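Structure first, commentary second.
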Amino acid sequence: MALLVAQAFATSRTLIALEDQGRADAGLKVALLRAVLERPRSLPLILSRDRDVLEALEAPTSANLAALNRKLEDLTSGTNASVLYLINREGVAIASSNWREPTSFVGSDYAFRAYFTQALDNGQAEHFALGNVSGKPGLYISHSVKSAERRSLGVIVVKAEFDQLELDWRNALRPTFVTDDHGVVLITSIPAWRFHSLSTASRADLERVRTSRQFGEETLSALPVLPREPLGDAAGLVEATLPGEKPDGFVEVQLPVATTPWQLHFLLPVQPALSSAIRQAQLTALALLAPFLALAGFWLRRRQKALARLASEQAARVELESRVRERTWDLSQAKDRLQAEMEQRQAAEERLQGVQQELVQANRLAILGQVAAGVAHEINQPVATIRAYADNARTFLARERPDRAIDNLAEIGGLTERIGAITQDLKALARKGRGSPEPVGVREALTSAVMLLKSRFAGRLEALKLDLPEDGLQVLGNRLRLEQVLINLLQNALEAIASRPQGVVDVRVREASDRVLIIVADNGPGIEPEILGQLFTPFTTSKEAGLGLGLVIAKDIVSDYGGRIEVTTGSAGTCFTVDLMRAGS
């Protein structure tokens, strides 16, 4: 009975632990997938306003098309895009980044593709499908190209493939796949499962896929994953058959992929962890019962000896010999049991070491996911500012003011160097390292941070009330990293007052003998208690499109240079105080 109770307890605890581990690992994979998706999404929007693209559609001469082919080819080498191509109003591709290859898209008819028709109707579209020329699956992101009179001229398309992401998932040795809103597998660590359906596809779905040729000749056969019982809101126990293996039990965790109708499915095998946990629980139960068994045996032995003495004094010698034989047998059995227990303990220690190694590897993957998501989060503002300067430079060139355009291009170059520095800085952060502290001007850091926010909050910076300090006030740190902290705090404050007509963000600096306090206060709605308790925990955010990394990175930066961040909040607003060491103190 004790062994059965131990087995039931170990099973329950193991399933809960696997569910928690699955949620954490699946969350990291969703964050990495979102980072991969965001990189190519801006390309169609930018290219839809490119002068070379407009000229190729309005005047498709050989020279214009050749120049555009080369431009698209250069763009793919620096982005996550697989192919970039331009489709005219009739649905025919007239320029492509793979124009040199035998599988060039130039001349192919894409009028039947959903991403072409939806972009013409709605201005933009995203559609996952199997390439009818390349035969490779990928996400097609499209944007319509319109003339100055707002007349649709064609569609610019970028195709993103996920080969490297699938390889990383496959190397992690945990089945992972992504399904669309119809339950069809799009991205997977198991290639044989691609374009299978979570359930048997309906006749309507098969007809839709056959007509649009979205998945080629695939019949959407059912995925070999059968549900057994639910475990939580987004987890359940399933039976899956991996290629070349027998059916086995897995804990499945499902998480939505933000900004898409997709669902990420992550499977953790149950049997290895369950067997180890049951064995350990049974050993513990036996160890707890051993004293009681020994006590019972001792009592029975004493009773037997007393009865033997009362039975007959004449049989004393026979009884003594019998006891000697029994004792010898007991010792032999005890020795055998002790040896068996030692072997079991040694095996358990070896399995524990294996589990510890797996946990170390999982921790490394978690750090890599945070660094990748952090890069996407931190370069958002410099990229937006580059966009604004690029638009200004084009306007100045059109007005024949090259001097102003050159100034804007110089700013773009500086911001590009800033993005590179941010990337190196985030890598250093992931290694738990830091740069040597140096004097940084507080006034210059605040001014630069506000400049980078102009493109994001154009027309709303009048709510920002700056009380700038004197030029000579400096703190110990790194200017780029201090600007990262200020941008995160100012951006959060401006977003908090966005819905308030009388919203104000008050920024002021206070000096002490050896400290400098930078205070950012807003009169927004305040921070919810459940968010406040985990405010500096990775992936904690109240924003639908947020990553939950800004304040985590800001706290690490300030701590690296002997400072701290404090926050107070309520219904009247929120106040962040950055406490830094004063330079020269």
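Convention: chains lettered A, B, ... in structure tokens order; per-chain residue numbering from 1; ligands numbered from 1 as shown.
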
Just the residues within 6 Å of stretch 220-227 of chain A, please, counting only C-alpha atoms, with nothing from its chain fewer than 2 positions along; format it as a PyMOL selection string.
chain A and resi 195-200+218+238-241

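Residues of stretch 84-150 of chain A that DSSP places in strand (DSSP E), based on the backbone of this structure, are Leu84, Tyr85, Leu86, Ile87, Asn88, Ala93, Ile94, Ala95, Ser96, Gln124, Ala125, Glu126, His127, Phe128, Ala129, Leu130, Pro137, Gly138, Leu139, Tyr140, Ile141, Ser142, His143, Ser144, Val145 and Lys146 of chain A.
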
Residues as selected, C-alpha atoms, written as a PDB file, in the first residue's frame, can you do that?
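Writing done, so here's again_23.pdb:
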```pdb
ATOM      1  CA  LEU A  84      11.909  39.722 -52.254  1.00  0.00           C
ATOM      2  CA  TYR A  85       9.836  40.212 -55.417  1.00  0.00           C
ATOM      3  CA  LEU A  86       7.525  42.738 -57.108  1.00  0.00           C
ATOM      4  CA  ILE A  87       4.201  41.793 -58.738  1.00  0.00           C
ATOM      5  CA  ASN A  88       2.392  44.073 -61.194  1.00  0.00           C
ATOM      6  CA  ALA A  93       6.273  39.014 -61.004  1.00  0.00           C
ATOM      7  CA  ILE A  94       8.396  41.595 -62.859  1.00  0.00           C
ATOM      8  CA  ALA A  95      11.416  41.775 -60.481  1.00  0.00           C
ATOM      9  CA  SER A  96      12.879  39.430 -57.864  1.00  0.00           C
ATOM     10  CA  GLN A 124      -1.345  44.378 -46.812  1.00  0.00           C
ATOM     11  CA  ALA A 125      -1.489  40.642 -46.064  1.00  0.00           C
ATOM     12  CA  GLU A 126       0.347  37.722 -44.442  1.00  0.00           C
ATOM     13  CA  HIS A 127      -0.080  34.205 -45.804  1.00  0.00           C
ATOM     14  CA  PHE A 128       1.819  30.952 -45.067  1.00  0.00           C
ATOM     15  CA  ALA A 129       2.039  28.643 -48.086  1.00  0.00           C
ATOM     16  CA  LEU A 130       4.193  26.223 -50.072  1.00  0.00           C
ATOM     17  CA  PRO A 137       7.240  26.551 -47.293  1.00  0.00           C
ATOM     18  CA  GLY A 138       7.362  30.041 -45.845  1.00  0.00           C
ATOM     19  CA  LEU A 139       5.451  33.115 -44.663  1.00  0.00           C
ATOM     20  CA  TYR A 140       4.593  35.570 -47.441  1.00  0.00           C
ATOM     21  CA  ILE A 141       4.295  39.196 -46.203  1.00  0.00           C
ATOM     22  CA  SER A 142       2.887  41.593 -48.819  1.00  0.00           C
ATOM     23  CA  HIS A 143       2.057  45.300 -49.150  1.00  0.00           C
ATOM     24  CA  SER A 144       0.338  47.136 -51.983  1.00  0.00           C
ATOM     25  CA  VAL A 145       2.259  49.781 -53.976  1.00  0.00           C
ATOM     26  CA  LYS A 146       0.223  52.855 -54.791  1.00  0.00           C
TER      27      LYS A 146
END
```

Taking only stretch 134-239 of chain A into account, list the residues labelled alpha helix (DSSP H) by DSSP (computed from the backbone), as a list in words.
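The alpha helix (DSSP H) subset of stretch 134-239 of chain A is Asp163, Gln164, Leu165, Glu166, Leu167, Asp168, Trp169, Arg170, Asn171, Arg203, Ala204, Asp205, Leu206, Glu207, Arg208, Val209, Arg210, Thr211 and Ser212 of chain A.
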
Those residues you just picked out, can you put them in a file as a compact mmCIF listing (two decimals), in the first residue's frame with N, CA and C atoms?
```txt
# COMPACT_ATOMS: atom_id res chain seq x y z
N ASP A 163 13.97 27.72 -41.77
CA ASP A 163 14.83 26.53 -41.72
C ASP A 163 15.71 26.52 -40.49
N GLN A 164 16.35 27.67 -40.17
CA GLN A 164 17.27 27.71 -39.03
C GLN A 164 16.52 27.53 -37.71
N LEU A 165 15.33 28.15 -37.59
CA LEU A 165 14.54 28.00 -36.38
C LEU A 165 14.13 26.54 -36.17
N GLU A 166 13.71 25.87 -37.26
CA GLU A 166 13.32 24.47 -37.15
C GLU A 166 14.52 23.60 -36.78
N LEU A 167 15.70 23.93 -37.30
CA LEU A 167 16.90 23.16 -36.95
C LEU A 167 17.23 23.31 -35.47
N ASP A 168 17.10 24.54 -34.94
CA ASP A 168 17.35 24.76 -33.52
C ASP A 168 16.37 23.96 -32.66
N TRP A 169 15.09 23.96 -33.07
CA TRP A 169 14.10 23.16 -32.33
C TRP A 169 14.43 21.67 -32.39
N ARG A 170 14.87 21.21 -33.59
CA ARG A 170 15.18 19.79 -33.76
C ARG A 170 16.38 19.40 -32.88
N ASN A 171 17.38 20.28 -32.76
CA ASN A 171 18.55 19.98 -31.93
C ASN A 171 18.20 19.95 -30.45
N ARG A 203 -14.24 18.52 -45.56
CA ARG A 203 -14.28 18.62 -47.03
C ARG A 203 -14.10 20.08 -47.47
N ALA A 204 -14.65 21.03 -46.69
CA ALA A 204 -14.51 22.44 -47.04
C ALA A 204 -13.05 22.89 -46.97
N ASP A 205 -12.33 22.45 -45.93
CA ASP A 205 -10.92 22.82 -45.80
C ASP A 205 -10.09 22.23 -46.94
N LEU A 206 -10.37 20.97 -47.29
CA LEU A 206 -9.63 20.34 -48.38
C LEU A 206 -9.89 21.06 -49.71
N GLU A 207 -11.13 21.47 -49.94
CA GLU A 207 -11.45 22.17 -51.18
C GLU A 207 -10.78 23.53 -51.22
N ARG A 208 -10.75 24.22 -50.06
CA ARG A 208 -10.10 25.53 -50.00
C ARG A 208 -8.60 25.41 -50.29
N VAL A 209 -7.94 24.43 -49.69
CA VAL A 209 -6.50 24.25 -49.90
C VAL A 209 -6.21 23.84 -51.34
N ARG A 210 -7.05 22.94 -51.90
CA ARG A 210 -6.83 22.49 -53.28
C ARG A 210 -7.00 23.65 -54.28
N THR A 211 -7.99 24.51 -54.03
CA THR A 211 -8.25 25.63 -54.95
C THR A 211 -7.13 26.67 -54.89
N SER A 212 -6.69 27.03 -53.65
CA SER A 212 -5.67 28.07 -53.51
C SER A 212 -4.25 27.55 -53.70
```

Option closest in space to A:Met581, from A:Gly91, A:Gly524, A:Gly477, A:Pro529 [counting only C-alpha atoms]
A:Gly477

All residues 9 Å or closer to A:Leu446, only C-alpha atoms, same chain fewer than 3 positions away omitted, as JSON, numbers by chain:
{"A": [441, 442, 443, 449, 450, 451, 466, 468, 482, 483, 486, 487]}

Extract, using only C-alpha atoms, all DNA, RNA and protein residues at most 7 Å from stretch 11-22 of chain A, discarding same-chain residues fewer than 4 positions from it, and format them as a list of chain:residue names.
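Neighbouring residues, sequence-local ones excluded: A:Gln7, A:Ala26, A:Ala235, A:Val251, A:Val253, A:Phe266, A:Leu268, A:Ala273, A:Leu274, A:Ala277, A:Ile278.
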
Could you dump the residues just selected with N, CA and C atoms as a compact mmCIF listing (two decimals), in the first residue's frame?
```
# COMPACT_ATOMS: atom_id res chain seq x y z
N GLN A 7 3.78 5.85 -5.47
CA GLN A 7 3.71 5.93 -6.93
C GLN A 7 2.70 6.99 -7.37
N ALA A 26 8.20 26.70 -23.57
CA ALA A 26 7.35 27.15 -24.67
C ALA A 26 7.32 28.67 -24.75
N ALA A 235 -2.43 23.17 -21.14
CA ALA A 235 -1.59 21.98 -21.16
C ALA A 235 -2.47 20.74 -21.06
N VAL A 251 3.56 15.47 -22.25
CA VAL A 251 2.83 16.64 -21.77
C VAL A 251 2.89 17.71 -22.85
N VAL A 253 2.04 21.53 -24.19
CA VAL A 253 1.74 22.90 -23.78
C VAL A 253 1.45 23.71 -25.04
N PHE A 266 4.23 22.45 -27.72
CA PHE A 266 5.52 21.96 -27.21
C PHE A 266 5.26 20.68 -26.43
N LEU A 268 6.70 17.44 -24.09
CA LEU A 268 7.74 16.93 -23.18
C LEU A 268 7.45 15.46 -22.89
N ALA A 273 11.07 10.99 -16.90
CA ALA A 273 10.96 11.68 -15.62
C ALA A 273 10.06 10.94 -14.66
N LEU A 274 8.98 10.33 -15.17
CA LEU A 274 8.04 9.63 -14.30
C LEU A 274 8.68 8.39 -13.67
N ALA A 277 11.06 9.49 -10.88
CA ALA A 277 10.35 10.01 -9.70
C ALA A 277 9.69 8.88 -8.91
N ILE A 278 9.07 7.92 -9.61
CA ILE A 278 8.40 6.81 -8.91
C ILE A 278 9.42 5.97 -8.15
```

What's the 7 Å shell around A:Asp506, counting only C-alpha atoms, without same-chain residues fewer than 2 positions away, as a ChimeraX atom specification?
/A:464-466,504,508,520-522

Expected file: the selected residues, C-alpha atoms, as a short mmCIF file (atom, residue, chain, number, x, y, z; two decimals), in the first residue's frame:
```
data_model
loop_
_atom_site.label_atom_id
_atom_site.label_comp_id
_atom_site.auth_asym_id
_atom_site.auth_seq_id
_atom_site.Cartn_x
_atom_site.Cartn_y
_atom_site.Cartn_z
CA LEU A 464 7.03 66.02 -21.47
CA LYS A 465 8.21 68.58 -18.89
CA LEU A 466 12.02 68.57 -18.67
CA VAL A 504 1.98 65.10 -18.00
CA ARG A 508 13.73 66.34 -12.97
CA VAL A 520 10.48 60.33 -14.09
CA ALA A 521 6.89 60.84 -12.86
CA ASP A 522 3.59 60.62 -14.76
#
```

Residue among A:Arg582, A:Arg479, A:Gly420, A:Gly503 lying closest to A:Glu444, counting only C-alpha atoms:
A:Arg479

Write out as an NGL selection string each polymer residue whose atoms come within 9 Å of A:Asp109, counting only C-alpha atoms; drop sequence neighbours fewer than 2 positions from it.
:A and (87 or 90-93 or 105-107 or 111-113)

Residue nearest A:Leu480 among A:Gly244, A:Gly249, A:Pro437, A:Gly154 (counting only C-alpha atoms)
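Distance minimum relative to A:Leu480 lands on A:Pro437.
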
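Minimum atom-to-atom distance to A:Thr385, evaluated using only C-alpha atoms, belongs to A:Leu453 out of A:Val184, A:Ile553, A:Leu453, A:Ala347.
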
So the first atom is atom CA of A:Val36 and the second is atom CA of A:Glu217; what is the distance between them in Å, to one decimal place?
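Between atom CA of A:Val36 and atom CA of A:Glu217 the gap is 27.7 Å.
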
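When only C-alpha atoms are used to measure the gap to A:Leu473, the shortest distance among A:Glu528, A:Ala583, A:Ala393, A:Lys555 belongs to A:Ala583.
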
Surrounding residues of A:Ala572 excluding itself and chain neighbours under 5 positions, 7 Å, only C-alpha atoms, as JSON, numbers by chain:
{"A": [523, 524, 525, 526]}

Would you mind reading off the distance between atom CA of A:Arg39 and atom CA of A:Leu461, one decimal, in Å?
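Rounded to one decimal, the two atoms are 27.7 Å apart.
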